[in-house]
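Reviewing the structure listed below.
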Amino acid sequence: MPDRTESPPRESPPSPLVVAALVFLLAFVVRVGYLFEIRDIGFVHHSLSDARVYEDAARRIAAGEWLGPPDFVHAPLYAYVLAVLRYVGLDGPWPPRGLQAVAGATACVLTLLAGRRLFDETVARTAATVLALFPAAIFFDGLIQKTSLELLLSALLVFLVARCFADRGRPLVIGVALGLFALCRQHAVVLLPILLGVVWQTSPRRSVGARRAAICALGMLLTLAPWIARNRVVLGEFVLATPNLGQNFAMGNHPKATGTYLPFRRGRATGELEQREWTRYAEQQTGRRLSPGEVSDFYLRAALRWIKSDPGEWLRLSARKLLMVFDAKERMDTEDYYLFRERSWVLTVLDTGLPFSALSALAALGLVASRRRWRTLWWLGAWIAAGALAIAAFVVFGRYRAVLFAPITLFAGAGVVWVARRLIAGEYGRASAAIACAVLVGAACHVPVRGERQTDAVSYTNHALALAGAGRFGAAVSECQKALRLRPNDADVLYALGRVHMQSGRLPLAAFRFARAAACDPTYAAPRVGRGDALRTLGRYDEAEAEYDAALRCEPGDVAARCGLATLLALKGHYDEAIARFEDVLRDDESSAETWLNLGNAYLAKRRFDDAARAIDRALALRPDFADALHNRGILEALRGRPGNAADWFRRALRLQPDRADSRDALRALEAPAGGP
């Protein structure tokens with residue numbers, strides 16, 4: 001008999017479940033490793049701007065304000081997620097970030113599943129791996145910011161829509177997912193016509209398609225309905241998501257617009273303060289109090305008037321913003337990608353080969369390679385186009401692009417696999433031409449439209465303020481020094497350094513830095529106010545008053561300067577006049593917790609205990625973590641002869657600031673036995 005050589009058994013490919021688990025594990029491990037690297041960054045331990053707004057809203061929601069704070073103008077879903085974590089005891093900087101690492105890894109798995117439906121296993125694995133290792137996605141998953149939730153919801157939506165082509169789509173579920181997405185990123189509603197088109201296209205008959213499309217739209221409306229009803233109850237207006245459409249549109253469409261964020265007012269460019277400035281300016285211009293919807297309409301009309309008056313400049317600006325959507329630079333909001341990259345090997349290594357420009361180039365290649373399958377894939381291209389136009393209509397932040405990650409990585413995976421298959425098949429000419437085109441697209445996208453891909457002075461000063469808030473004053477000064485090396489005579493940098501010295505108690509040095517900032521820009525009110533606060537604390541009241549007056553000459557009506565003058569009156573014992581001044585400020589801006597506390601202190605000095613309690617409680621309603629207000633509330637209860645209640649307030653202050661000496665001493669005095677030392 002002839003010899004028979006047995007062929008070696010072929011290894012069976014890993015099961016789809018194993019592949020999904022490996023994708024999840026890769027994405028999760030990379031994100032956890034990144035979180036370990038950034039554990040000492042100031043933003044992790046002290047939030048600023050939008051992150052602070054979300055945390056404050058979550059505190060108030062978890063404390064029982066389930067309709068949400070009336071002054072909360074951000075998309076609501078993320079705040080409620082944080083509130084649920086807080087409600088079940090998962091507070092602190094790490095539980096939300098841990099959950100977001102899970103969410104980011106889950107988004108990669110959903111992208112894998114969608115890729116299997118729309119392309120093939122190889123493309124699906126490639127796309128999921130790209131998303132798992134995409135440095136911008138890793139960065140956003142580490143922020144206290146809604147971007148991680150947006151990425152998860154967009155990947156879920158892509159997966160749900162992809163199922164429609166296998167007759168497994170559920171239009172109601174798709175509508176609900178889109179509604180949740182819109183509660184996280186308002187302009188997600190632009191995807192509704194695209195998704196309705198897919199639902200219609202994948203239905204067996206036209207009449208069935210119409211019914212399924214209606215069900216999909218109904219699912220979105222039902223998801224949005226509770227928040228719309230909440231807005232009607234709390235704001236007195238019917239608002240789809242948030243009443244700041246006009247502000248966001250005007251921010252990106254005015255004569256001085258650059259395409260990305262510009263502060264409405266210097267020194268007030270934070271999520272906690274900026275909305276007040278928008279409202280105050282609109283009310284000053286109209287001469288009356290405005291509802292949130294009316295404020296939005298004011299700015300929307302202003303932006304549209306400018307567009308109508310100068311359409312050519314608007315078209316040039318819009319084209320520039322559209323290029324910025326796909327270019328290499330991750331434009332900062334408060335936390336800067338490039339500052340984190342300095343401190344993370346994960347971001348440094350991955351950013352070298354996979355900036356957004358490279359992803360854009362690979363996606364363009366995948367779009368061309370998949371052109372014959374347009375009947376199945378058209379909606380992914382339409383998603384990218386609609387999302388890019390929606391971003392460019394407002395302002396371009398790096399985090400706004402997260403809504404594009406899932407569809408772009410699917411096309412990028414298709415592009416990589418197409419080139420690999422051409423090379424394996426020996427089609428070197430076609431592969432080389434495709435690679436050359438991708439390199440050209442990537443090079444065009446890699447040239448930043450505005451600014452370099454590096455940490456700038458604003459990034460360092462933001463980080464300095466976060467470090468100072470966490471009590472790390474030496475590190476904060478070091479970050480300000482980095483900013484000063486980039487901008488030696490910049491008023492904003494010097495002002496930030498003054499704030500750091502002020503928080504650390506180095507009042508003479510703070511006054512000096514504020515004076516330097518004011519000398520660099522005599523029109524800048526904030527350094528004048530800062531110097532006035534430092535001098536007031538030093539007991540130099542006349543000099544402080546002169547600084548507040550100078551600030552008001554720079555910015556008539558400046559709330560901080562007016563509060564400073566009112567505080568001076570209280571310190572001099574003129575409590576009635578101080579109370580009148582504080583009440584006057586609050587008529588213009590009733591959202592300042594500090595002003596309410598100062599008013600309460602003035603009432604307390606007059607022994608008007610009920611009025612003091614109302615004012616301090618209002619401060620705490622605005623800022624539940626306001627330790628000064630908690631301490632002063634304890635003083636109020638002690639003066640009322642309620643030692644038990646006073647002790648509770650002091651303990652609450654100490655839970656927030658364990659090193660707070662005045663609260664600790666007051667609590668010891670209350671707990672000391674009668675007649676003791």
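Going by the structure tokens order, chains are called A, B, ..., each with residues numbered from 1, while ligands are numbered from 1 in the order shown.
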Inset, instruction - Return as a PyMOL selection string the full set of residues in region 281-372 of chain A whose backbone-based DSSP assignment is helix (DSSP H, G or I). - result: chain A and resi 281-286+292-309+311-326+337-342+345-353+356-369+371-372
Legend entry - Spatial neighbours of region 505-509 of chain A, 8 Å, only C-alpha atoms, chain gap at least 5 places, as a PyMOL selection string: chain A and resi 498+534-535+537-538
Inset, instruction - Write out as a VMD selection string each polymer residue whose atoms come within 12 Å of region 572-579 of chain A, counting only C-alpha atoms; drop sequence neighbours fewer than 3 positions from it. - result: chain A and resid 536 539 to 542 545 562 to 569 582 to 586 595 to 608 611 to 612 615
Write the residues of the preceding selection, restricted to N, CA and C atoms, as a compact mmCIF listing (two decimals), in the first residue's frame.
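And here is the file that came out, result-v2.txt:
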# COMPACT_ATOMS: atom_id res chain seq x y z
N ARG A 536 -7.39 93.18 50.94
CA ARG A 536 -8.44 93.17 51.95
C ARG A 536 -8.13 92.15 53.04
N GLY A 539 -5.76 93.28 55.49
CA GLY A 539 -6.21 94.38 56.33
C GLY A 539 -5.93 95.75 55.74
N ARG A 540 -5.51 95.83 54.49
CA ARG A 540 -5.20 97.11 53.85
C ARG A 540 -6.45 97.56 53.08
N TYR A 541 -7.46 98.00 53.82
CA TYR A 541 -8.79 98.22 53.27
C TYR A 541 -8.83 99.35 52.24
N ASP A 542 -8.13 100.44 52.50
CA ASP A 542 -8.20 101.57 51.57
C ASP A 542 -7.58 101.20 50.21
N GLU A 545 -10.00 98.91 48.42
CA GLU A 545 -11.12 99.66 47.84
C GLU A 545 -10.70 100.32 46.53
N ARG A 562 -17.95 94.34 42.95
CA ARG A 562 -19.04 94.86 43.79
C ARG A 562 -19.15 94.06 45.08
N CYS A 563 -18.95 92.75 45.00
CA CYS A 563 -18.96 91.93 46.22
C CYS A 563 -17.80 92.29 47.13
N GLY A 564 -16.64 92.58 46.51
CA GLY A 564 -15.49 92.98 47.31
C GLY A 564 -15.76 94.25 48.08
N LEU A 565 -16.38 95.23 47.43
CA LEU A 565 -16.71 96.49 48.11
C LEU A 565 -17.73 96.26 49.23
N ALA A 566 -18.71 95.39 48.97
CA ALA A 566 -19.69 95.08 50.00
C ALA A 566 -19.04 94.39 51.19
N THR A 567 -18.10 93.49 50.91
CA THR A 567 -17.39 92.79 51.99
C THR A 567 -16.57 93.77 52.82
N LEU A 568 -15.95 94.74 52.16
CA LEU A 568 -15.21 95.77 52.89
C LEU A 568 -16.11 96.52 53.86
N LEU A 569 -17.32 96.85 53.41
CA LEU A 569 -18.27 97.54 54.28
C LEU A 569 -18.60 96.69 55.50
N PHE A 582 -24.97 93.63 48.88
CA PHE A 582 -25.05 92.22 48.49
C PHE A 582 -26.38 91.91 47.81
N GLU A 583 -27.46 92.43 48.36
CA GLU A 583 -28.77 92.19 47.76
C GLU A 583 -28.86 92.80 46.37
N ASP A 584 -28.21 93.93 46.18
CA ASP A 584 -28.19 94.55 44.86
C ASP A 584 -27.44 93.67 43.85
N VAL A 585 -26.31 93.10 44.30
CA VAL A 585 -25.56 92.19 43.42
C VAL A 585 -26.40 90.97 43.06
N LEU A 586 -27.09 90.42 44.06
CA LEU A 586 -27.88 89.21 43.83
C LEU A 586 -29.08 89.46 42.92
N THR A 595 -21.64 84.94 47.02
CA THR A 595 -22.38 86.15 47.38
C THR A 595 -23.46 85.85 48.41
N TRP A 596 -24.15 84.73 48.23
CA TRP A 596 -25.17 84.35 49.20
C TRP A 596 -24.54 84.11 50.58
N LEU A 597 -23.37 83.48 50.59
CA LEU A 597 -22.71 83.25 51.88
C LEU A 597 -22.31 84.57 52.53
N ASN A 598 -21.76 85.48 51.74
CA ASN A 598 -21.38 86.77 52.30
C ASN A 598 -22.59 87.53 52.85
N LEU A 599 -23.70 87.43 52.13
CA LEU A 599 -24.93 88.05 52.64
C LEU A 599 -25.34 87.40 53.96
N GLY A 600 -25.27 86.07 53.99
CA GLY A 600 -25.62 85.37 55.23
C GLY A 600 -24.72 85.77 56.39
N ASN A 601 -23.43 85.97 56.11
CA ASN A 601 -22.51 86.39 57.17
C ASN A 601 -22.87 87.78 57.70
N ALA A 602 -23.27 88.65 56.78
CA ALA A 602 -23.66 90.00 57.21
C ALA A 602 -24.93 89.94 58.08
N TYR A 603 -25.89 89.12 57.66
CA TYR A 603 -27.08 88.93 58.48
C TYR A 603 -26.70 88.34 59.84
N LEU A 604 -25.74 87.41 59.83
CA LEU A 604 -25.32 86.77 61.07
C LEU A 604 -24.72 87.80 62.02
N ALA A 605 -23.93 88.72 61.48
CA ALA A 605 -23.35 89.77 62.32
C ALA A 605 -24.42 90.65 62.94
N LYS A 606 -25.54 90.81 62.22
CA LYS A 606 -26.66 91.60 62.75
C LYS A 606 -27.58 90.75 63.64
N ARG A 607 -27.22 89.45 63.80
CA ARG A 607 -28.01 88.50 64.59
C ARG A 607 -29.42 88.33 64.02
N ARG A 608 -29.54 88.48 62.72
CA ARG A 608 -30.79 88.19 62.02
C ARG A 608 -30.71 86.73 61.57
N ASP A 611 -32.82 85.18 58.55
CA ASP A 611 -32.35 85.65 57.25
C ASP A 611 -30.98 85.05 56.92
N ALA A 612 -30.12 84.93 57.92
CA ALA A 612 -28.80 84.34 57.70
C ALA A 612 -28.94 82.88 57.27
N ALA A 615 -30.03 82.66 53.62
CA ALA A 615 -28.96 83.01 52.68
C ALA A 615 -27.91 81.91 52.61
Inset, instruction - Excluding Ser47 (chain A) and any residue of its chain fewer than 2 positions from it, enumerate the residues within 12 Å of it, using only C-alpha atoms, and give them as a PyMOL selection string. - result: chain A and resi 41-45+49-56+92-93+143-145+270-272+334-335+462-470
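Within the 6 Å cut-off around Ala101 (chain A), using only C-alpha atoms and omitting residues fewer than 6 positions from it on the same chain, the listed residues are A:Phe28, A:Arg31, A:Asp141.
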Any chance you could export the current selection's N, CA and C atoms as a compact mmCIF listing (two decimals), in the first residue's frame?
# COMPACT_ATOMS: atom_id res chain seq x y z
N PHE A 28 -9.71 47.42 27.85
CA PHE A 28 -9.83 47.71 29.28
C PHE A 28 -8.45 47.81 29.93
N ARG A 31 -6.73 51.05 29.07
CA ARG A 31 -7.35 52.19 29.77
C ARG A 31 -6.99 52.19 31.25
N ASP A 141 -11.89 58.69 27.87
CA ASP A 141 -12.43 57.77 28.87
C ASP A 141 -11.88 58.04 30.26
Inset, instruction - Within 10 Å of Ala515 (chain A), counting only C-alpha atoms, which residues show up once you throw out same-chain ones fewer than 2 positions away? Write them as a PyMOL selection string, please. - result: chain A and resi 491+494-495+498+509-513+517-522+527-528+530-532+547
Inset, instruction - Quick one: everything within 12 Å of Leu149 (chain A), counting only C-alpha atoms, minus sequence neighbours fewer than 5 positions away in the same chain. Send it as a VMD selection string. - result: chain A and resid 75 to 82 96 to 97 99 to 107 137 140 to 144 154 to 156 177 180 to 185 399 402 to 403
